[in-house]
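Asker: Let me give you the structure first, and then I'll get to my questions.
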Number of protein chains: 2
Amino acid sequence: MKRTYPLKLAVGFALVLLASTTAQANDLLPSWSPGKTKQAIIQFVEDVTKQGSPNYVPPAERIATFDNDGTLWVEYPTYSQLLFAFERVKVLAPQHPEWKTKQPFKALLEGDMKTVSASGMKGVMEIILATHSGMTASEFSREAGKWLTTTQHPKFKRPYVKCVYQPQLELLAYLRANGFKTFIVSGGGIAFMRTVTEQAYGIPPEQVIGSRVVSEFQVKDGKPVLVRLPKIDFVNDKARKVVGINEHIGRRPLLAFGNSDNDMQMIEYTMAGDDQRMGLFLHHTDADREFAYDRKSHVGTLSKALDQAKAKGWIIVDMKKDWKTIFK
Amino acid sequence: MKRTYPLKLAVGFALVLLASTTAQANDLLPSWSPGKTKQAIIQFVEDVTKQGSPNYVPPAERIATFDNDGTLWVEYPTYSQLLFAFERVKVLAPQHPEWKTKQPFKALLEGDMKTVSASGMKGVMEIILATHSGMTASEFSREAGKWLTTTQHPKFKRPYVKCVYQPQLELLAYLRANGFKTFIVSGGGIAFMRTVTEQAYGIPPEQVIGSRVVSEFQVKDGKPVLVRLPKIDFVNDKARKVVGINEHIGRRPLLAFGNSDNDMQMIEYTMAGDDQRMGLFLHHTDADREFAYDRKSHVGTLSKALDQAKAKGWIIVDMKKDWKTIFK
């Protein structure tokens, strides 16, 4: 009889331990509302990481890819990189007297955004190339990093680098805690994003895939440098995201997360693997806390993916319902 | 007095422990002969990894890049990838009746290597493109992996995948044990190498940088695939190794290891960083155990780098003197 009490204590202690372990597991995603979506994510991760599970995947193959604009950080009302390019035009204008008469630069310098917008993709690309080349890789990184850490988002009144979704930071950390390697696969500029991905997401530069200009090796003042040329080398968007993934990772992702129709090929490619895979789209449904946009949006158009999600087994994450907190 | 003996024992035990720790550190590179080269490597690694050292570098920035052909595996008398391409011409010939009359394919099929050789870089590139495209990425990987693991090297009578230098395997493991991320940066084909880099070196596909053909996303029988096209996308050699490093890693290496003049820019770029850096070239000096070649070799020409090494602070690793064992 002497042993009953300590035994009870031990059992009680074990139960407390068990409960706290479970609580801890849930707490890795505290900004995700309880419900089907959160449950599906946790079940998937447990299923592919549990030794002995029929769907077990060794750590080396646990690759997770995330789009960036609108998936990890805010893309509305405009991509931050575009705003950066617009500001660089103003900063660089004194060195480019020709811009005073050349469109779309003239309009931009005069604040005539209607004309800039009317110049379309061609005009925008001219602005991007003019502001993203003609300097060394390190010079560009310095400017981009400074801009992202100091320029405030119009709605959230915080630097762009802080306009990152808290639930996604938790998901990235949760995946890494479960042996996943997390990658960014974005249409945005690789050099632009890399200046902050480590501080913003804990993702090192070698795990960032994006669009790029041609770079050239040169020796300047006896020092080897990379000079950025005004020529697009690779646009990492839509079907080319799959090309970018193959080029940089060389393995099919186990989980892919996007937010627009431009992420469909990445997610289709992910889901076409033999094993259990997971594909998710973030649906911006929260006009109060962030923005609400989808089928007719000028950025992050989400339409075909919404139509096909159910049939294809993709998960639509509803920002309003599935996220308790948006920003920290 | 009772305590003297145990105290002595304890001190003795501590000394033994200390000695075995030191021995253990040295034993991580057992195939490296004691001497200046081995000492320099160990000193460098200790210097950049020791907390409080003025040259301390945080783990995230510990990037080591290695050339592959002639640095990690045998490249003499010919690059394995070229032999693979030659064999593929023979295998694919029945599907290409036009090769019977088209050079350099005709010569290759007739075993006339003199004519093949005379076709120069242009002819060789035609052979590479014809045998490295027109299939999906997975189909190519299957063939390349099979070839590398089954075809024997003429001198060493072991599969090419086993013609890897034991001292380098130890160095890669030693660097990783010290928080380095190890990358391959090679002129060889990225898809060709990736089929075996994990088993051969413990280097995952996402840490392999190489030359590549253009790939295209297609949907075949309802499945998304990447199809390899007969067009060079990027040649990761000489100055372009620096471009490849920037594209894939986005950080300057802390240590770079090559074996030919084609690795000079990678090593110059590495050494131009602010902190302490290390650049090494493997000099093939061992005709008995491997091969001896340098200034006039048709593969892995090492000449300018030999001339400039001393002035530039590069380390020339002398295979014969510095390596106790070549293969395991």
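Residues are named by chain letter and number: chains run A, B, ... in the order of the structure tokens, numbers start at 1 in each chain, and ligands are numbered from 1 in the order shown.
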Can you check which residues of chain B have any atom within 9 Å of chain A? Use only C-alpha atoms and format it as an NGL selection string.
Answerer: :B and (60 or 137 or 190-191 or 194 or 204-209 or 212 or 214-218 or 223-226 or 239-240 or 242-243 or 246-251 or 265 or 268-269 or 272)
Asker: Could you find all residues in region 149-266 of chain A that DSSP calls helix (DSSP H, G or I) from the backbone, and write them as a PyMOL selection string?
Answerer: chain A and resi 149-150+160-162+166-177+190-194+197-201+205-207+239-248+261-266
Asker: Selection from above, N, CA and C atoms, as a short mmCIF file (atom, residue, chain, number, x, y, z; two decimals), in the first residue's frame, can you write it?
Answerer:
```cif
data_model
loop_
_atom_site.label_atom_id
_atom_site.label_comp_id
_atom_site.auth_asym_id
_atom_site.auth_seq_id
_atom_site.Cartn_x
_atom_site.Cartn_y
_atom_site.Cartn_z
N THR A 149 13.89 47.87 -45.18
CA THR A 149 13.87 47.96 -43.71
C THR A 149 13.43 49.34 -43.22
N THR A 150 13.31 50.32 -44.14
CA THR A 150 12.96 51.67 -43.67
C THR A 150 11.65 52.22 -44.26
N TYR A 160 8.25 47.56 -44.73
CA TYR A 160 7.85 46.40 -45.53
C TYR A 160 8.40 45.09 -44.97
N VAL A 161 9.61 45.13 -44.45
CA VAL A 161 10.22 43.91 -43.94
C VAL A 161 9.44 43.36 -42.73
N LYS A 162 8.61 44.21 -42.12
CA LYS A 162 7.79 43.75 -40.98
C LYS A 162 6.36 43.41 -41.41
N GLN A 166 2.47 36.57 -39.56
CA GLN A 166 2.87 35.82 -38.38
C GLN A 166 2.54 34.31 -38.49
N PRO A 167 1.34 33.94 -38.99
CA PRO A 167 1.05 32.50 -39.09
C PRO A 167 2.04 31.78 -40.00
N GLN A 168 2.52 32.48 -41.03
CA GLN A 168 3.47 31.85 -41.95
C GLN A 168 4.85 31.72 -41.31
N LEU A 169 5.23 32.71 -40.48
CA LEU A 169 6.50 32.58 -39.77
C LEU A 169 6.45 31.34 -38.87
N GLU A 170 5.29 31.15 -38.24
CA GLU A 170 5.14 29.98 -37.38
C GLU A 170 5.17 28.69 -38.19
N LEU A 171 4.52 28.71 -39.35
CA LEU A 171 4.50 27.51 -40.19
C LEU A 171 5.91 27.17 -40.68
N LEU A 172 6.65 28.19 -41.11
CA LEU A 172 8.04 27.97 -41.55
C LEU A 172 8.86 27.34 -40.43
N ALA A 173 8.72 27.89 -39.23
CA ALA A 173 9.49 27.39 -38.09
C ALA A 173 9.05 25.98 -37.72
N TYR A 174 7.74 25.74 -37.81
CA TYR A 174 7.20 24.41 -37.49
C TYR A 174 7.73 23.36 -38.48
N LEU A 175 7.75 23.73 -39.75
CA LEU A 175 8.28 22.81 -40.77
C LEU A 175 9.76 22.53 -40.52
N ARG A 176 10.51 23.59 -40.24
CA ARG A 176 11.95 23.40 -39.99
C ARG A 176 12.18 22.54 -38.75
N ALA A 177 11.35 22.75 -37.72
CA ALA A 177 11.48 21.94 -36.51
C ALA A 177 11.20 20.47 -36.82
N ILE A 190 15.39 37.89 -57.07
CA ILE A 190 16.14 37.09 -56.11
C ILE A 190 17.06 37.99 -55.26
N ALA A 191 17.70 38.95 -55.89
CA ALA A 191 18.65 39.80 -55.16
C ALA A 191 17.91 40.76 -54.23
N PHE A 192 16.74 41.19 -54.64
CA PHE A 192 15.91 42.08 -53.82
C PHE A 192 15.48 41.36 -52.54
N MET A 193 14.93 40.17 -52.70
CA MET A 193 14.42 39.42 -51.54
C MET A 193 15.53 39.00 -50.58
N ARG A 194 16.64 38.54 -51.18
CA ARG A 194 17.72 38.01 -50.34
C ARG A 194 18.27 38.98 -49.31
N THR A 197 15.56 38.11 -46.40
CA THR A 197 14.88 36.84 -46.09
C THR A 197 15.40 36.17 -44.82
N GLU A 198 16.68 36.38 -44.52
CA GLU A 198 17.21 35.73 -43.32
C GLU A 198 16.62 36.38 -42.07
N GLN A 199 16.61 37.71 -42.03
CA GLN A 199 16.06 38.37 -40.85
C GLN A 199 14.53 38.26 -40.80
N ALA A 200 13.89 38.29 -41.96
CA ALA A 200 12.43 38.26 -41.97
C ALA A 200 11.86 36.87 -41.73
N TYR A 201 12.48 35.85 -42.32
CA TYR A 201 11.89 34.50 -42.27
C TYR A 201 12.83 33.42 -41.74
N PRO A 205 20.06 33.03 -47.95
CA PRO A 205 20.02 33.40 -49.38
C PRO A 205 20.06 32.21 -50.32
N GLU A 206 20.76 31.14 -49.93
CA GLU A 206 20.86 29.97 -50.83
C GLU A 206 19.54 29.21 -50.91
N GLN A 207 18.54 29.59 -50.13
CA GLN A 207 17.23 28.95 -50.23
C GLN A 207 16.17 29.92 -50.78
N ALA A 239 4.88 28.64 -64.99
CA ALA A 239 5.55 27.36 -65.27
C ALA A 239 7.05 27.43 -64.99
N ARG A 240 7.61 28.65 -65.09
CA ARG A 240 9.05 28.76 -64.86
C ARG A 240 9.42 28.60 -63.39
N LYS A 241 8.43 28.67 -62.50
CA LYS A 241 8.74 28.36 -61.10
C LYS A 241 9.20 26.91 -60.97
N VAL A 242 8.62 26.06 -61.79
CA VAL A 242 9.02 24.65 -61.75
C VAL A 242 10.45 24.50 -62.28
N VAL A 243 10.76 25.26 -63.34
CA VAL A 243 12.13 25.26 -63.87
C VAL A 243 13.09 25.77 -62.80
N GLY A 244 12.71 26.85 -62.13
CA GLY A 244 13.56 27.42 -61.07
C GLY A 244 13.77 26.43 -59.93
N ILE A 245 12.72 25.72 -59.56
CA ILE A 245 12.84 24.71 -58.50
C ILE A 245 13.82 23.62 -58.91
N ASN A 246 13.69 23.16 -60.15
CA ASN A 246 14.60 22.11 -60.61
C ASN A 246 16.04 22.61 -60.67
N GLU A 247 16.21 23.84 -61.12
CA GLU A 247 17.55 24.42 -61.25
C GLU A 247 18.21 24.56 -59.87
N HIS A 248 17.48 25.08 -58.91
CA HIS A 248 18.07 25.40 -57.60
C HIS A 248 18.01 24.24 -56.62
N ASP A 261 -2.95 32.38 -59.09
CA ASP A 261 -2.94 31.44 -60.20
C ASP A 261 -1.53 31.22 -60.75
N ASN A 262 -0.64 32.18 -60.51
CA ASN A 262 0.75 32.04 -60.96
C ASN A 262 1.51 30.95 -60.20
N ASP A 263 0.92 30.48 -59.11
CA ASP A 263 1.56 29.41 -58.34
C ASP A 263 1.01 28.04 -58.70
N MET A 264 0.07 27.99 -59.64
CA MET A 264 -0.59 26.72 -59.95
C MET A 264 0.37 25.64 -60.44
N GLN A 265 1.28 26.02 -61.35
CA GLN A 265 2.18 24.99 -61.89
C GLN A 265 3.11 24.44 -60.80
N MET A 266 3.58 25.32 -59.92
CA MET A 266 4.43 24.86 -58.82
C MET A 266 3.69 23.84 -57.97
#
```
Asker: What's around region 297-312 of chain B at 10 Å? Count only C-alpha atoms, leave out sequence neighbours fewer than 6 positions away in its own chain, and write the answer as an mmCIF file with N, CA, C and O atoms, in the first residue's frame.
Answerer:
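Done, and the output landed in around.cif:
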```cif
data_model
loop_
_atom_site.group_PDB
_atom_site.id
_atom_site.type_symbol
_atom_site.label_atom_id
_atom_site.label_comp_id
_atom_site.auth_asym_id
_atom_site.auth_seq_id
_atom_site.Cartn_x
_atom_site.Cartn_y
_atom_site.Cartn_z
ATOM 1 N N ASP B 69 35.288 17.898 -61.117
ATOM 2 C CA ASP B 69 36.223 17.110 -61.938
ATOM 3 C C ASP B 69 37.671 17.443 -61.584
ATOM 4 O O ASP B 69 38.112 18.583 -61.747
ATOM 5 N N GLY B 70 38.403 16.470 -61.110
ATOM 6 C CA GLY B 70 39.809 16.685 -60.771
ATOM 7 C C GLY B 70 40.010 17.279 -59.390
ATOM 8 O O GLY B 70 41.145 17.421 -58.930
ATOM 9 N N THR B 71 38.925 17.662 -58.726
ATOM 10 C CA THR B 71 39.044 18.182 -57.357
ATOM 11 C C THR B 71 38.411 17.204 -56.371
ATOM 12 O O THR B 71 38.971 16.913 -55.324
ATOM 13 N N GLU B 75 39.330 13.075 -63.154
ATOM 14 C CA GLU B 75 38.935 13.658 -64.441
ATOM 15 C C GLU B 75 39.831 13.163 -65.575
ATOM 16 O O GLU B 75 39.644 13.543 -66.729
ATOM 17 N N TYR B 76 40.820 12.365 -65.232
ATOM 18 C CA TYR B 76 41.823 11.926 -66.187
ATOM 19 C C TYR B 76 41.604 10.458 -66.527
ATOM 20 O O TYR B 76 41.249 9.698 -65.633
ATOM 21 N N PRO B 77 41.792 10.003 -67.735
ATOM 22 C CA PRO B 77 42.244 10.752 -68.913
ATOM 23 C C PRO B 77 41.152 11.596 -69.569
ATOM 24 O O PRO B 77 41.461 12.434 -70.395
ATOM 25 N N THR B 78 39.866 11.376 -69.227
ATOM 26 C CA THR B 78 38.791 12.184 -69.818
ATOM 27 C C THR B 78 37.670 12.371 -68.800
ATOM 28 O O THR B 78 37.441 11.495 -67.971
ATOM 29 N N TYR B 79 36.963 13.493 -68.909
ATOM 30 C CA TYR B 79 35.808 13.748 -68.050
ATOM 31 C C TYR B 79 34.790 12.615 -68.180
ATOM 32 O O TYR B 79 34.436 12.225 -69.297
ATOM 33 N N GLY B 258 39.778 24.233 -55.893
ATOM 34 C CA GLY B 258 39.708 23.856 -57.294
ATOM 35 C C GLY B 258 40.924 23.042 -57.686
ATOM 36 O O GLY B 258 41.685 22.592 -56.822
ATOM 37 N N ASN B 259 41.126 22.845 -58.991
ATOM 38 C CA ASN B 259 42.344 22.149 -59.408
ATOM 39 C C ASN B 259 42.869 22.628 -60.754
ATOM 40 O O ASN B 259 43.825 22.069 -61.263
ATOM 41 N N SER B 260 42.205 23.651 -61.344
ATOM 42 C CA SER B 260 42.704 24.076 -62.655
ATOM 43 C C SER B 260 42.591 25.587 -62.783
ATOM 44 O O SER B 260 41.962 26.245 -61.951
ATOM 45 N N ASP B 261 43.171 26.118 -63.853
ATOM 46 C CA ASP B 261 43.094 27.559 -64.094
ATOM 47 C C ASP B 261 41.637 28.022 -64.232
ATOM 48 O O ASP B 261 41.342 29.196 -64.009
ATOM 49 N N ASN B 262 40.754 27.106 -64.588
ATOM 50 C CA ASN B 262 39.334 27.460 -64.710
ATOM 51 C C ASN B 262 38.691 27.774 -63.355
ATOM 52 O O ASN B 262 37.565 28.257 -63.298
ATOM 53 N N ASP B 263 39.402 27.452 -62.290
ATOM 54 C CA ASP B 263 38.877 27.748 -60.948
ATOM 55 C C ASP B 263 39.439 29.050 -60.385
ATOM 56 O O ASP B 263 39.120 29.427 -59.255
ATOM 57 N N MET B 264 40.281 29.741 -61.163
ATOM 58 C CA MET B 264 40.943 30.929 -60.634
ATOM 59 C C MET B 264 39.973 32.032 -60.227
ATOM 60 O O MET B 264 40.112 32.630 -59.169
ATOM 61 N N ILE B 267 38.245 31.354 -56.997
ATOM 62 C CA ILE B 267 39.125 31.481 -55.830
ATOM 63 C C ILE B 267 39.514 32.946 -55.603
ATOM 64 O O ILE B 267 39.575 33.411 -54.463
ATOM 65 N N GLU B 268 39.702 33.698 -56.679
ATOM 66 C CA GLU B 268 39.969 35.139 -56.523
ATOM 67 C C GLU B 268 38.785 35.834 -55.845
ATOM 68 O O GLU B 268 38.955 36.657 -54.956
ATOM 69 N N MET B 271 38.704 34.932 -52.149
ATOM 70 C CA MET B 271 39.760 35.583 -51.362
ATOM 71 C C MET B 271 39.558 37.096 -51.246
ATOM 72 O O MET B 271 40.165 37.744 -50.384
ATOM 73 N N GLY B 279 41.832 29.725 -50.157
ATOM 74 C CA GLY B 279 41.707 29.225 -51.524
ATOM 75 C C GLY B 279 42.732 28.133 -51.758
ATOM 76 O O GLY B 279 43.910 28.314 -51.448
ATOM 77 N N LEU B 280 42.299 27.005 -52.308
ATOM 78 C CA LEU B 280 43.205 25.874 -52.518
ATOM 79 C C LEU B 280 43.077 25.310 -53.935
ATOM 80 O O LEU B 280 41.994 25.317 -54.522
ATOM 81 N N PHE B 281 44.196 24.841 -54.455
ATOM 82 C CA PHE B 281 44.225 24.129 -55.738
ATOM 83 C C PHE B 281 44.851 22.762 -55.507
ATOM 84 O O PHE B 281 45.908 22.670 -54.885
ATOM 85 N N LEU B 282 44.225 21.737 -56.044
ATOM 86 C CA LEU B 282 44.825 20.411 -55.995
ATOM 87 C C LEU B 282 45.760 20.258 -57.192
ATOM 88 O O LEU B 282 45.353 20.464 -58.335
ATOM 89 N N HIS B 283 47.011 19.898 -56.916
ATOM 90 C CA HIS B 283 47.999 19.681 -57.969
ATOM 91 C C HIS B 283 48.183 18.168 -58.139
ATOM 92 O O HIS B 283 48.594 17.480 -57.199
ATOM 93 N N HIS B 284 47.872 17.683 -59.327
ATOM 94 C CA HIS B 284 47.965 16.240 -59.584
ATOM 95 C C HIS B 284 49.412 15.861 -59.866
ATOM 96 O O HIS B 284 49.905 16.067 -60.972
#
```
Asker: For the atom pair CA of Pro58 (chain A) and CA of Phe183 (chain A), what is the interatomic distance in Å to one decimal place?
Answerer: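 So the answer is 17.4 Å.
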Asker: Find, counting only C-alpha atoms, the residue in A:Asp27, A:Val45, A:Val91, A:Leu72 that gets nearest to Val164 (chain A).
Answerer: A:Leu72
Asker: Which residues are close to Thr131 (chain B), i.e. within 7 Å by only C-alpha atoms, leaving aside same-chain residues fewer than 6 positions away? Reply as a list in words.
Answerer: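 The contact residues come out as Ala85, Arg88 and Val89 of chain B.
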Asker: For Trp99 (chain A), which residue among A:Tyr165, A:Asp237, A:Gly187, A:Glu126 is the nearest when counting only C-alpha atoms?
Answerer: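 Smallest separation from Trp99 (chain A) among the options: A:Glu126.
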Asker: In Å, with one decimal, what is the gap from CA of Ala64 (chain B) to CA of Ile203 (chain A)?
Answerer: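 About the pair CA of Ala64 (chain B) and CA of Ile203 (chain A): they are 18.5 Å apart.
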